[in-house]
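Structure file input.pdb with PDB, C-alpha atoms:
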```pdb
MODEL        1
ATOM      1  CA  MET H  29      21.677  -7.582 -52.618
ATOM      2  CA  SER H  30      23.973  -6.564 -55.441
ATOM      3  CA  ARG H  31      27.722  -6.181 -55.111
ATOM      4  CA  ARG H  32      27.373  -2.439 -55.561
ATOM      5  CA  GLY H  33      24.735  -2.241 -52.815
ATOM      6  CA  LEU H  34      26.895  -4.311 -50.479
ATOM      7  CA  GLY H  35      29.916  -2.129 -51.246
ATOM      8  CA  VAL H  36      27.917   1.044 -50.578
ATOM      9  CA  GLY H  37      26.659  -0.370 -47.289
ATOM     10  CA  LEU H  38      30.124  -1.416 -46.155
ATOM     11  CA  LEU H  39      31.653   1.954 -47.091
ATOM     12  CA  SER H  40      28.915   3.731 -45.132
ATOM     13  CA  VAL H  41      29.468   1.515 -42.079
ATOM     14  CA  ALA H  42      33.240   2.086 -42.284
ATOM     15  CA  GLY H  43      32.808   5.859 -42.542
ATOM     16  CA  VAL H  44      30.448   6.096 -39.576
ATOM     17  CA  THR H  45      32.590   3.724 -37.498
ATOM     18  CA  ALA H  46      35.743   5.744 -38.200
ATOM     19  CA  ALA H  47      34.038   9.019 -37.257
ATOM     20  CA  VAL H  48      32.610   7.595 -34.022
ATOM     21  CA  ALA H  49      35.936   5.936 -33.124
ATOM     22  CA  THR H  50      37.654   9.326 -32.943
ATOM     23  CA  PHE H  51      35.636  10.059 -29.799
ATOM     24  CA  LEU H  52      36.512   6.743 -28.117
ATOM     25  CA  PRO H  53      39.726   6.295 -26.097
ATOM     26  CA  LEU H  54      42.715   5.420 -28.264
ATOM     27  CA  TYR H  55      44.975   4.621 -25.338
ATOM     28  CA  SER H  56      45.424   5.327 -21.656
ATOM     29  CA  VAL H  57      48.398   5.402 -19.334
ATOM     30  CA  GLY H  58      47.993   5.504 -15.580
ATOM     31  CA  THR H  59      48.211   3.860 -12.206
ATOM     32  CA  SER H  60      45.907   3.160  -9.291
ATOM     33  CA  LEU H  61      48.540   3.387  -6.522
ATOM     34  CA  GLY H  62      46.737   0.806  -4.411
ATOM     35  CA  GLY H  63      43.507   2.784  -4.117
ATOM     36  CA  ALA H  64      40.287   2.925  -6.059
ATOM     37  CA  ASP H  65      41.158   6.229  -7.714
ATOM     38  CA  ARG H  66      43.046   6.051 -10.965
ATOM     39  CA  PHE H  67      45.672   8.636 -11.876
ATOM     40  CA  GLY H  68      46.695   8.967 -15.471
ATOM     41  CA  PHE H  69      45.862  10.184 -18.962
ATOM     42  CA  THR H  70      43.433   9.056 -21.642
ATOM     43  CA  THR H  71      43.766  10.128 -25.263
ATOM     44  CA  THR H  72      41.005  10.247 -27.871
ATOM     45  CA  GLY H  73      41.225  11.474 -31.443
ATOM     46  CA  TRP H  74      40.595  15.024 -30.260
ATOM     47  CA  ALA H  75      41.990  15.542 -26.752
ATOM     48  CA  THR H  76      44.037  14.142 -23.911
ATOM     49  CA  THR H  77      42.335  14.242 -20.532
ATOM     50  CA  SER H  78      43.681  13.587 -17.074
ATOM     51  CA  GLU H  79      42.138  11.288 -14.479
ATOM     52  CA  PRO H  80      40.842  12.611 -12.155
ATOM     53  CA  ALA H  81      39.737  15.633 -14.122
ATOM     54  CA  GLY H  82      41.862  18.683 -13.464
ATOM     55  CA  LEU H  83      44.795  16.639 -12.149
ATOM     56  CA  ALA H  84      47.120  18.205 -14.665
ATOM     57  CA  ARG H  85      46.802  21.162 -16.960
ATOM     58  CA  LEU H  86      47.431  19.789 -20.400
ATOM     59  CA  GLY H  87      48.417  21.852 -23.378
ATOM     60  CA  GLY H  88      47.177  21.111 -26.858
ATOM     61  CA  SER H  89      47.121  17.517 -27.972
ATOM     62  CA  VAL H  90      47.667  15.823 -31.289
ATOM     63  CA  GLN H  91      44.527  15.961 -33.429
ATOM     64  CA  TYR H  92      44.389  12.366 -34.650
ATOM     65  CA  GLY H  93      40.735  12.871 -35.551
ATOM     66  CA  VAL H  94      41.244  15.362 -38.391
ATOM     67  CA  PRO H  95      42.536  12.969 -41.107
ATOM     68  CA  LEU H  96      40.273  10.217 -39.797
ATOM     69  CA  VAL H  97      37.144  12.346 -40.161
ATOM     70  CA  ILE H  98      38.260  13.547 -43.614
ATOM     71  CA  ALA H  99      38.627   9.890 -44.665
ATOM     72  CA  ALA H 100      35.225   9.060 -43.139
ATOM     73  CA  VAL H 101      33.561  11.882 -45.080
ATOM     74  CA  LEU H 102      35.255  10.728 -48.293
ATOM     75  CA  LEU H 103      33.975   7.191 -47.686
ATOM     76  CA  LEU H 104      30.431   8.528 -47.344
ATOM     77  CA  VAL H 105      30.855  10.654 -50.488
ATOM     78  CA  ALA H 106      32.080   7.577 -52.391
ATOM     79  CA  ALA H 107      29.042   5.652 -51.171
ATOM     80  CA  ALA H 108      26.749   8.448 -52.388
ATOM     81  CA  LEU H 109      28.488   8.685 -55.777
ATOM     82  CA  ALA H 110      27.898   4.989 -56.378
ATOM     83  CA  PHE H 111      24.229   5.748 -57.117
ATOM     84  CA  LEU H 112      25.116   7.663 -60.285
ATOM     85  CA  ARG H 113      24.768   6.170 -63.762
ATOM     86  CA  GLU H 114      27.518   3.852 -64.978
ATOM     87  CA  PRO H 115      29.723   6.393 -66.830
ATOM     88  CA  GLN H 116      29.842   8.689 -63.778
ATOM     89  CA  ARG H 117      30.105   5.819 -61.311
ATOM     90  CA  GLN H 118      33.865   5.688 -61.947
ATOM     91  CA  ALA H 119      34.175   8.728 -59.650
ATOM     92  CA  ALA H 120      32.756   6.614 -56.809
ATOM     93  CA  ARG H 121      35.379   3.953 -57.423
ATOM     94  CA  TYR H 122      38.215   6.489 -57.382
ATOM     95  CA  ALA H 123      36.838   8.200 -54.275
ATOM     96  CA  ALA H 124      36.515   4.842 -52.496
ATOM     97  CA  VAL H 125      40.128   3.928 -53.256
ATOM     98  CA  VAL H 126      41.422   7.339 -52.129
ATOM     99  CA  ALA H 127      39.286   7.352 -48.970
ATOM    100  CA  THR H 128      40.280   3.814 -48.025
ATOM    101  CA  GLY H 129      43.946   4.647 -48.555
ATOM    102  CA  LEU H 130      43.654   7.814 -46.476
ATOM    103  CA  LEU H 131      41.852   5.951 -43.708
ATOM    104  CA  ALA H 132      44.389   3.118 -43.715
ATOM    105  CA  GLY H 133      47.316   5.560 -43.634
ATOM    106  CA  SER H 134      45.780   7.629 -40.840
ATOM    107  CA  VAL H 135      45.005   4.552 -38.752
ATOM    108  CA  TRP H 136      48.515   3.199 -39.358
ATOM    109  CA  THR H 137      50.081   6.477 -38.237
ATOM    110  CA  THR H 138      47.833   6.665 -35.186
ATOM    111  CA  ALA H 139      48.629   3.046 -34.290
ATOM    112  CA  MET H 140      52.365   3.704 -34.556
ATOM    113  CA  VAL H 141      52.110   6.730 -32.255
ATOM    114  CA  VAL H 142      50.016   4.708 -29.805
ATOM    115  CA  ALA H 143      52.590   1.895 -29.935
ATOM    116  CA  VAL H 144      55.326   4.363 -28.993
ATOM    117  CA  TRP H 145      53.262   5.729 -26.111
ATOM    118  CA  LEU H 146      52.401   2.234 -24.881
ATOM    119  CA  THR H 147      55.996   1.062 -24.823
ATOM    120  CA  PRO H 148      56.839   1.126 -21.135
ATOM    121  CA  PRO H 149      59.996   2.947 -20.115
ATOM    122  CA  VAL H 150      62.476   1.413 -17.710
ATOM    123  CA  GLU H 151      60.456  -0.091 -14.872
ATOM    124  CA  ASP H 152      60.473   1.862 -11.656
ATOM    125  CA  ALA H 153      60.113  -0.328  -8.586
ATOM    126  CA  ARG H 154      57.995   2.299  -6.776
ATOM    127  CA  THR H 155      55.109   2.579  -9.250
ATOM    128  CA  THR H 156      53.501   0.364 -11.821
ATOM    129  CA  LEU H 157      51.972   2.079 -14.812
ATOM    130  CA  GLU H 158      49.159   0.466 -16.747
ATOM    131  CA  TYR H 159      49.295   0.845 -20.519
ATOM    132  CA  LYS H 160      46.005   0.102 -22.269
ATOM    133  CA  THR H 161      44.907   0.195 -25.873
ATOM    134  CA  GLY H 162      41.453   1.724 -26.097
ATOM    135  CA  ALA H 163      38.315   0.746 -27.989
ATOM    136  CA  GLY H 164      38.845   3.660 -30.385
ATOM    137  CA  LEU H 165      41.971   2.137 -31.908
ATOM    138  CA  TRP H 166      40.363  -1.275 -32.378
ATOM    139  CA  SER H 167      37.291   0.356 -33.919
ATOM    140  CA  LEU H 168      39.531   2.198 -36.378
ATOM    141  CA  VAL H 169      41.269  -1.031 -37.385
ATOM    142  CA  ALA H 170      37.854  -2.649 -37.951
ATOM    143  CA  ALA H 171      36.759   0.376 -40.010
ATOM    144  CA  VAL H 172      39.803  -0.023 -42.279
ATOM    145  CA  LEU H 173      39.057  -3.705 -42.857
ATOM    146  CA  VAL H 174      35.400  -2.985 -43.641
ATOM    147  CA  ALA H 175      36.413  -0.127 -45.980
ATOM    148  CA  VAL H 176      38.807  -2.390 -47.888
ATOM    149  CA  VAL H 177      36.116  -5.038 -48.385
ATOM    150  CA  GLY H 178      33.564  -2.380 -49.378
ATOM    151  CA  THR H 179      35.977  -0.869 -51.894
ATOM    152  CA  VAL H 180      36.641  -4.282 -53.432
ATOM    153  CA  PHE H 181      32.900  -4.847 -53.825
ATOM    154  CA  LEU H 182      32.493  -1.411 -55.366
ATOM    155  CA  LEU H 183      35.388  -1.943 -57.793
ATOM    156  CA  ARG H 184      34.091  -5.245 -59.118
ATOM    157  CA  ARG H 185      32.065  -4.764 -62.232
ATOM    158  CA  GLY H 186      29.432  -7.283 -63.109
ATOM    159  CA  VAL H 187      28.978  -8.769 -66.546
ATOM    160  CA  PRO H 188      26.259  -6.768 -68.274
ATOM    161  CA  GLU H 189      23.075  -8.753 -68.674
ATOM    162  CA  PRO H 190      21.664  -8.751 -72.201
ATOM    163  CA  GLU H 191      18.300  -7.120 -72.578
ATOM    164  CA  GLY H 192      15.933  -9.573 -74.238
ATOM    165  CA  ALA H 193      16.782 -12.636 -76.294
ATOM    166  CA  VAL H 194      20.206 -13.042 -77.881
ATOM    167  CA  VAL H 195      19.895 -13.991 -81.560
ATOM    168  CA  HIS H 196      22.854 -14.965 -83.700
ATOM    169  CA  ALA H 197      22.083 -14.495 -87.386
ATOM    170  CA  VAL H 198      24.248 -15.158 -90.412
ATOM    171  CA  VAL H 199      24.071 -12.100 -92.635
ATOM    172  CA  ASP H 200      26.122 -13.164 -95.654
ATOM    173  CA  ASP H 201      25.181 -15.978 -98.022
ATOM    174  CA  THR H 202      28.363 -18.076 -97.989
ATOM    175  CA  ASP H 203      28.380 -21.828 -97.752
ATOM    176  CA  THR H 204      29.768 -21.984 -94.235
ATOM    177  CA  PRO H 205      28.426 -24.642 -91.914
ATOM    178  CA  PRO H 206      27.853 -23.897 -88.216
ATOM    179  CA  MET H 207      31.338 -25.171 -87.298
ATOM    180  CA  GLY H 208      32.985 -22.313 -89.160
ATOM    181  CA  ILE H 209      34.776 -24.320 -91.845
ATOM    182  CA  GLN H 210      34.268 -23.211 -95.434
ATOM    183  CA  VAL H 211      32.911 -25.887 -97.735
ATOM    184  CA  ALA H 212      34.758 -26.304-101.003
ATOM    185  CA  VAL H 213      32.650 -26.311-104.180
ATOM    186  CA  LEU H 214      33.898 -28.456-107.020
ATOM    187  CA  PRO H 215      34.292 -26.253-110.109
ATOM    188  CA  TRP H 216      33.372 -28.788-112.812
ATOM    189  CA  THR H 217      30.144 -30.072-111.221
ATOM    190  CA  GLY H 218      28.868 -27.251-109.083
ATOM    191  CA  GLU H 219      28.281 -29.767-106.308
ATOM    192  CA  LYS H 220      29.533 -29.591-102.792
ATOM    193  CA  ALA H 221      32.436 -31.854-101.861
TER     194      ALA H 221
ENDMDL
END
```
Reformat the file's structure so that it appears as structure tokens.
Amino acid sequence: MSRRGLGVGLLSVAGVTAAVATFLPLYSVGTSLGGADRFGFTTTGWATTSEPAGLARLGGSVQYGVPLVIAAVLLLVAAALAFLREPQRQAARYAAVVATGLLAGSVWTTAMVVAVWLTPPVEDARTTLEYKTGAGLWSLVAAVLVAVVGTVFLLRRGVPEPEGAVVHAVVDDTDTPPMGIQVAVLPWTGEKA
């Protein structure tokens, strides 16, 4: 497989992974209170839900998924643009760099917000809250790493292969040997030195 094909494949995998990860839990905070039922909240890229359902009426939640899906779509567009001819293929390289940067920035911002939410407040002796990082956040981190590698593969240009045999021909009729040093001709004899 060529470097371009590998880069296109990796960008496609990163885009799909990032889009799917927005529907997975990013983090959850809750407690079991000694029973089997869990009380708490789980946040995805699109909504925050309570456990059990209907426990609390939640207002709107932060839409982490919007920039992540935009970056995922840009990664897929960059992968599609890579199939153009060489002069237009530069657009794929630019789109891959922009999409990877947008994805990395969005994941970084999401991770920082999750880190703030997962920092436990002062411990209360009566309850113990469980703070968990979800599979969605780890999938997003993996998508960024795959996108970076795919972008590097897409940015690398190969050395163009010559078409047919390469022939070096001397066009002028000077007395120059193959080493590139001019041979002096003696003026009085016409012979080579």
* Once the PyMOL selection byres ((chain H and resi 158-165) around 10) has been applied to the shown file, what residues remain in the selection, as an MDAnalysis selection string? -> chainID H and resid 45:60 68 70:73 135:136 138:139 142:143 145:148 155:157 166:171
Put those residues in a file: C-alpha atoms, as a compact mmCIF listing (two decimals), keeping the file's coordinate frame.
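Listing of part_1.txt after writing:
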```txt
# COMPACT_ATOMS: atom_id res chain seq x y z
CA THR H 45 32.59 3.72 -37.50
CA ALA H 46 35.74 5.74 -38.20
CA ALA H 47 34.04 9.02 -37.26
CA VAL H 48 32.61 7.60 -34.02
CA ALA H 49 35.94 5.94 -33.12
CA THR H 50 37.65 9.33 -32.94
CA PHE H 51 35.64 10.06 -29.80
CA LEU H 52 36.51 6.74 -28.12
CA PRO H 53 39.73 6.30 -26.10
CA LEU H 54 42.72 5.42 -28.26
CA TYR H 55 44.98 4.62 -25.34
CA SER H 56 45.42 5.33 -21.66
CA VAL H 57 48.40 5.40 -19.33
CA GLY H 58 47.99 5.50 -15.58
CA THR H 59 48.21 3.86 -12.21
CA SER H 60 45.91 3.16 -9.29
CA GLY H 68 46.70 8.97 -15.47
CA THR H 70 43.43 9.06 -21.64
CA THR H 71 43.77 10.13 -25.26
CA THR H 72 41.00 10.25 -27.87
CA GLY H 73 41.22 11.47 -31.44
CA VAL H 135 45.00 4.55 -38.75
CA TRP H 136 48.52 3.20 -39.36
CA THR H 138 47.83 6.66 -35.19
CA ALA H 139 48.63 3.05 -34.29
CA VAL H 142 50.02 4.71 -29.80
CA ALA H 143 52.59 1.90 -29.94
CA TRP H 145 53.26 5.73 -26.11
CA LEU H 146 52.40 2.23 -24.88
CA THR H 147 56.00 1.06 -24.82
CA PRO H 148 56.84 1.13 -21.14
CA THR H 155 55.11 2.58 -9.25
CA THR H 156 53.50 0.36 -11.82
CA LEU H 157 51.97 2.08 -14.81
CA TRP H 166 40.36 -1.27 -32.38
CA SER H 167 37.29 0.36 -33.92
CA LEU H 168 39.53 2.20 -36.38
CA VAL H 169 41.27 -1.03 -37.38
CA ALA H 170 37.85 -2.65 -37.95
CA ALA H 171 36.76 0.38 -40.01
```
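Atom to atom, CA of Arg121 in chain H and CA of Leu173 in chain H stand 16.9 Å apart.
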* CA of Ala42 in chain H to CA of Leu130 in chain H, straight-line distance in Å -> 12.6 Å
* Asked: Just how far from CA of Val126 in chain H is CA of Val144 in chain H, in Å to one decimal?
  ->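 Distance reported for this atom pair: 27.2 Å.
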* To do: Let me know the residues the PyMOL selection byres ((chain H and resi 33-40) around 12) catches in the file above, as a PyMOL selection string.
  => chain H and resi 29-32+41-47+99-111+117+120-121+123-125+127-128+131+170-185
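For the residues H:Gln116, H:Trp74, H:Gly133, H:Val141, ranking by smallest atom-to-atom distance to Tyr92 in chain H using only C-alpha atoms places H:Trp74 first.
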Would you pull range 31-49 of chain H out of the block just shown and save N, CA and C atoms as an mmCIF file, in the first residue's frame?
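Output saved as out_22.cif:
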```cif
data_model
loop_
_atom_site.group_PDB
_atom_site.id
_atom_site.type_symbol
_atom_site.label_atom_id
_atom_site.label_comp_id
_atom_site.auth_asym_id
_atom_site.auth_seq_id
_atom_site.Cartn_x
_atom_site.Cartn_y
_atom_site.Cartn_z
ATOM 1 N N ARG H 31 2.004 5.273 0.558
ATOM 2 C CA ARG H 31 1.878 6.189 1.699
ATOM 3 C C ARG H 31 0.583 6.985 1.611
ATOM 4 N N ARG H 32 0.222 7.390 0.399
ATOM 5 C CA ARG H 32 -1.009 8.154 0.239
ATOM 6 C C ARG H 32 -2.213 7.301 0.616
ATOM 7 N N GLY H 33 -2.229 6.039 0.170
ATOM 8 C CA GLY H 33 -3.339 5.148 0.512
ATOM 9 C C GLY H 33 -3.429 4.898 2.010
ATOM 10 N N LEU H 34 -2.273 4.734 2.649
ATOM 11 C CA LEU H 34 -2.263 4.536 4.100
ATOM 12 C C LEU H 34 -2.740 5.792 4.814
ATOM 13 N N GLY H 35 -2.314 6.960 4.335
ATOM 14 C CA GLY H 35 -2.768 8.213 4.938
ATOM 15 C C GLY H 35 -4.263 8.402 4.794
ATOM 16 N N VAL H 36 -4.801 8.074 3.609
ATOM 17 C CA VAL H 36 -6.243 8.192 3.379
ATOM 18 C C VAL H 36 -7.002 7.246 4.304
ATOM 19 N N GLY H 37 -6.507 6.030 4.433
ATOM 20 C CA GLY H 37 -7.161 5.063 5.321
ATOM 21 C C GLY H 37 -7.153 5.517 6.775
ATOM 22 N N LEU H 38 -6.018 6.018 7.228
ATOM 23 C CA LEU H 38 -5.917 6.472 8.616
ATOM 24 C C LEU H 38 -6.794 7.696 8.877
ATOM 25 N N LEU H 39 -6.845 8.631 7.921
ATOM 26 C CA LEU H 39 -7.719 9.796 8.089
ATOM 27 C C LEU H 39 -9.188 9.374 8.143
ATOM 28 N N SER H 40 -9.559 8.406 7.324
ATOM 29 C CA SER H 40 -10.946 7.920 7.340
ATOM 30 C C SER H 40 -11.278 7.258 8.671
ATOM 31 N N VAL H 41 -10.359 6.425 9.166
ATOM 32 C CA VAL H 41 -10.578 5.760 10.462
ATOM 33 C C VAL H 41 -10.690 6.800 11.576
ATOM 34 N N ALA H 42 -9.824 7.810 11.548
ATOM 35 C CA ALA H 42 -9.860 8.857 12.582
ATOM 36 C C ALA H 42 -11.169 9.632 12.527
ATOM 37 N N GLY H 43 -11.639 9.952 11.321
ATOM 38 C CA GLY H 43 -12.896 10.693 11.201
ATOM 39 C C GLY H 43 -14.087 9.906 11.713
ATOM 40 N N VAL H 44 -14.170 8.644 11.345
ATOM 41 C CA VAL H 44 -15.292 7.808 11.803
ATOM 42 C C VAL H 44 -15.209 7.590 13.304
ATOM 43 N N THR H 45 -14.010 7.343 13.822
ATOM 44 C CA THR H 45 -13.843 7.137 15.264
ATOM 45 C C THR H 45 -14.250 8.378 16.053
ATOM 46 N N ALA H 46 -13.862 9.546 15.575
ATOM 47 C CA ALA H 46 -14.214 10.791 16.273
ATOM 48 C C ALA H 46 -15.723 11.011 16.266
ATOM 49 N N ALA H 47 -16.372 10.724 15.139
ATOM 50 C CA ALA H 47 -17.830 10.913 15.078
ATOM 51 C C ALA H 47 -18.559 9.933 15.991
ATOM 52 N N VAL H 48 -18.113 8.684 16.018
ATOM 53 C CA VAL H 48 -18.760 7.681 16.875
ATOM 54 C C VAL H 48 -18.501 7.987 18.347
ATOM 55 N N ALA H 49 -17.303 8.488 18.663
ATOM 56 C CA ALA H 49 -16.939 8.767 20.057
ATOM 57 C C ALA H 49 -17.809 9.845 20.684
#
```
